[in-house]
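Enquirer: Let me give you the structure first, and then I'll get to my questions.
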Amino acid sequence: MFEKPDQKTILLILSIFCGIFLIWLLFSEQNILRRFKSNSENSGENKIHIRIAHDLPQGTPLHQATLQIAELLKNELGARVKVEIFPNQTAGTDEHMIERALVGELDLIFPPTAKLAQLYPPIQYADLPFVFESREDAYRVLDGELGERLRAGLQQKGLQCFRHWESGFKQFTAKKPIRDPRDLVGLRVRTMRSPMIMEQFKMWGAIPILIDFQQIYKAMADNAIDAGENSIVAIAALNLADVQKVMTISNHGYLSEFPCLSEKSLWSSDKELNALLKRVVDEVAEKQRHEALRVEQMLLAELEAGGLRVERLTEQERKNFVASVKDFSAGMIAKWEKEFSLKIPVKSEPKAKDEIELKQEPNDREVVIGIDADLSLAASLAGQAIQHGAHLAAEELNERGGVLGRKVEIESYDNAGINLRGLANIKKLAEQKNLIAILGGIHSNVILSEIDSIHRYKIPFLVPWASAVDIVENGQKPNYVFRLGGNDEQVAKFLVKNALQRSKKIALLMESSVWGRSSQKAIERVLAENHVKPVMVQWVDRGANEVSIQIASLQSSAADIVLMTLNAPEGILAVKSMAERGVRFQVLSHWGITSNDFYKETSDALKKVKVEFIQAFTFFRNANPRARSLFERYQIASSQMNLKATQLSAAMGLVHAYDLTKMIAQATINAGRLDRTLIREQLEKLFNFSAINKIHNPPFTAQRHDALDPSAYFLAHFNNRGEILPTEDGSK
């Protein structure tokens, strides 16, 4: 038997263990880093990957700072870390980079605060006109308590943000000095895609024009815009002094970039990696700011020496500008304080809730139908058409007594094509009293991200446009999603059938997204059934600003037909590139190109490239009296917007939203009360429903929630007035 150890032995053993523990604790950080570095020298493996993206050219201080991040991470982690940097919008526009970060396709991005406002509007405090007197003032506020609150708001939306970086203050460029707000009256000014900044310029009497960053020079050279607002670094990088000879040093807006880490990134979920990245990015932030100021001063001297006329506001001129925006800025701050429970400047602890409060609850006499669609960005024309259709239907319903004796109200929320904004919209609409249904928009990725929420809240969800198969075939029982629009399986059958009547040499040009992949799989499946393989497949990122490589590849293939699944912005780039290259193939397109003003941008290119696209409805040469009546009502309703008949390229969205609004109203009447479960059941039992273009008998059943089949589709084209006509109704 062992003898029982004495007290001295026990104390000695305990001392040894404590010593080992203290040594481990003392060197924990080195041990953590050693864990990532172990075997790195010989393995050749890159197991820790970080993808960094931003929108500025490679010579700018921001890009140089991202190179410093890469160097510091490699110093810490050795060969085990792989750093990829995508500068100059090579990973997409700022909006696209934000979306990619939210889903985990990018790790670290550096968007301007104006672009982050789509997720959390108060972040645009930094963009308010003349809100900062100096750089030091900006650093004090954004590095302080208010900056922490703003970063916390963004983290709730899926992005962890670090200490802000900068591009400096914005200055005016034009063909004349801008020394007074009155100098802006009537000028077409390029702005970022920010409703707040656009409203700011409207207040000054200017006409804000949305143009992508990389297209500013061309727009100025073509006299498409009269003025711009950019940092000195951007003015130099884009060579804007070649096309606009006067720069006014106004310092009217501050360009701040927040380094944002995807919450779905390994660098967010791993505590040690996260702490390391935060330390590195914050360390580089200080250097980046100093370098931004140094480079700005150097470039300003070079621009002046090169002949650019530089004007500087006097103290009184600055005061005049500040006075002109005082009420505007105060109104924006008050709005954010009210809607987000956020005190500006912050002096107290933040409240727990950081969601937009419902401004107004409908009373007991209203029935609410919500809209969750892109109303401001790439697919805004389609979103607005859906909105118009729902409002026109609601007006007719209310003229006839409403639904169950209640007035029908349409509540619209803009998701801007962003998944998280869509999810927030569903939550807000679900809280609306007497909500009976929601109409969705064009973006399949947004709707697919909302499927679980829709079914958790048990809200009938009506789809007038988005076509991904899984939207309706979502596996939910009971299924609350109903579609009067395209289904990519059916669209594929129609497009392939028409393509094969012309040639078997078929290539695909697809959007790199949920929608594009859904369409590609469906098309390739139908082609395979006909023993045909595509000769080539090319992919385009949503938000891309260059597609010439893809078009050149298609041109080098043997394709006679290109089946195209792109939305309007990328479709415009593609067709223009095709025209420039003189391609010989024909294009059969999904209807995504009609989601914005495609014809206006491509009218010259369409004279050189044969483009037809699938449709299920058109107002033009339509003898249906109900269609004519709806079109007349639309013209009256849109007269204040100065829209012409030929500009309604998103007619399908309008008509389908109109019909779906009428369907949900009839289902509610049949249910007899505002019970969404009963209303959903009644949607499956509608018979002999008279829609604008046909009688559905029935539109939906318990087994089928897609109202249209391929017999509803036809190929169409734009005539020389921008009208959408069936192809058989006249040559192009």
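Note on naming: chains are A, B, ... as they come in the structure tokens, residues start from 1 per chain, ligands start from 1 in the order shown.
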Can you list, as a VMD selection string, every residue of region 324-505 of chain A that DSSP puts in helix (DSSP H, G or I)?

Expert: chain A and resid 324 to 340 380 to 399 419 to 430 444 to 457 469 to 472 488 to 500

Enquirer: Skip Ile561 (chain A) itself and residues of its chain fewer than 4 positions away, then list as a ChimeraX atom specification all residues within 10 Å of it, counting only C-alpha atoms.

Expert: /A:499-500,502-508,534-535,554,584-588

Enquirer: Find, counting only C-alpha atoms, the residue in A:Ile225, A:Ile69, A:Leu154, A:Leu62 that gets nearest to Val295 (chain A).

Expert: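 Comparing A:Ile225, A:Ile69, A:Leu154, A:Leu62 against Val295 (chain A), the winner is A:Leu62.
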
Enquirer: I'd like the neighbourhood of Asn230 (chain A) as a PyMOL selection string, where a residue qualifies if any of its atoms comes within 7 Å (using only C-alpha atoms), though same-chain residues fewer than 3 positions away should be ignored.

Expert: chain A and resi 170-172+234-235

Enquirer: Kindly export the residues of the current selection with C-alpha atoms, as a short mmCIF file (atom, residue, chain, number, x, y, z; two decimals), in the first residue's frame.

Expert:
data_model
loop_
_atom_site.label_atom_id
_atom_site.label_comp_id
_atom_site.auth_asym_id
_atom_site.auth_seq_id
_atom_site.Cartn_x
_atom_site.Cartn_y
_atom_site.Cartn_z
CA LYS A 170 -15.11 66.46 -50.06
CA GLN A 171 -14.63 69.40 -52.42
CA PHE A 172 -16.71 70.73 -55.29
CA ALA A 234 -10.31 60.83 -55.73
CA ILE A 235 -10.18 63.96 -57.90
#

Enquirer: So which residues of region 237-310 of chain A fall under strand (DSSP E or B) by DSSP, listed as a PyMOL selection string?

Expert: chain A and resi 246-257+260-262+309-310

Enquirer: What's the 9 Å shell around region 486-490 of chain A, counting only C-alpha atoms, without same-chain residues fewer than 2 positions away, as a ChimeraX atom specification?

Expert: /A:464-469,471-472,483-484,492-495,515,518-523,525-526,616,706-710,713

Enquirer: Nearest to Ser603 (chain A) among A:Val408, A:Asp470, A:Asn720, A:His656, with distances taken over only C-alpha atoms: which residue is it?

Expert: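 Of A:Val408, A:Asp470, A:Asn720, A:His656, the one nearest Ser603 (chain A), counting only C-alpha atoms, is A:Asn720.
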
Enquirer: Considering only C-alpha atoms, state which residue in the set A:Ile436, A:Leu423, A:Ala558, A:Ile197 is at the smallest distance from Pro121 (chain A).

Expert: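 Among A:Ile436, A:Leu423, A:Ala558, A:Ile197, it is A:Ile197 that comes nearest to Pro121 (chain A).
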
Enquirer: What's around Ile669 (chain A) at 7 Å? Count only C-alpha atoms, leave out sequence neighbours fewer than 4 positions away in its own chain, and write the answer as a PDB file with N, CA, C and O atoms, in the first residue's frame.

Expert:
ATOM      1  N   VAL A 403     -62.188  46.246 -48.023  1.00  0.00           N
ATOM      2  CA  VAL A 403     -62.216  44.811 -47.736  1.00  0.00           C
ATOM      3  C   VAL A 403     -62.853  44.604 -46.361  1.00  0.00           C
ATOM      4  O   VAL A 403     -62.374  45.151 -45.357  1.00  0.00           O
ATOM      5  N   LEU A 404     -63.953  43.874 -46.337  1.00  0.00           N
ATOM      6  CA  LEU A 404     -64.698  43.639 -45.091  1.00  0.00           C
ATOM      7  C   LEU A 404     -65.052  44.961 -44.416  1.00  0.00           C
ATOM      8  O   LEU A 404     -65.024  45.099 -43.188  1.00  0.00           O
ATOM      9  N   ALA A 665     -57.159  40.436 -51.578  1.00  0.00           N
ATOM     10  CA  ALA A 665     -58.387  41.075 -51.091  1.00  0.00           C
ATOM     11  C   ALA A 665     -59.564  40.104 -51.177  1.00  0.00           C
ATOM     12  O   ALA A 665     -60.353  39.979 -50.236  1.00  0.00           O
TER      13      ALA A 665
END
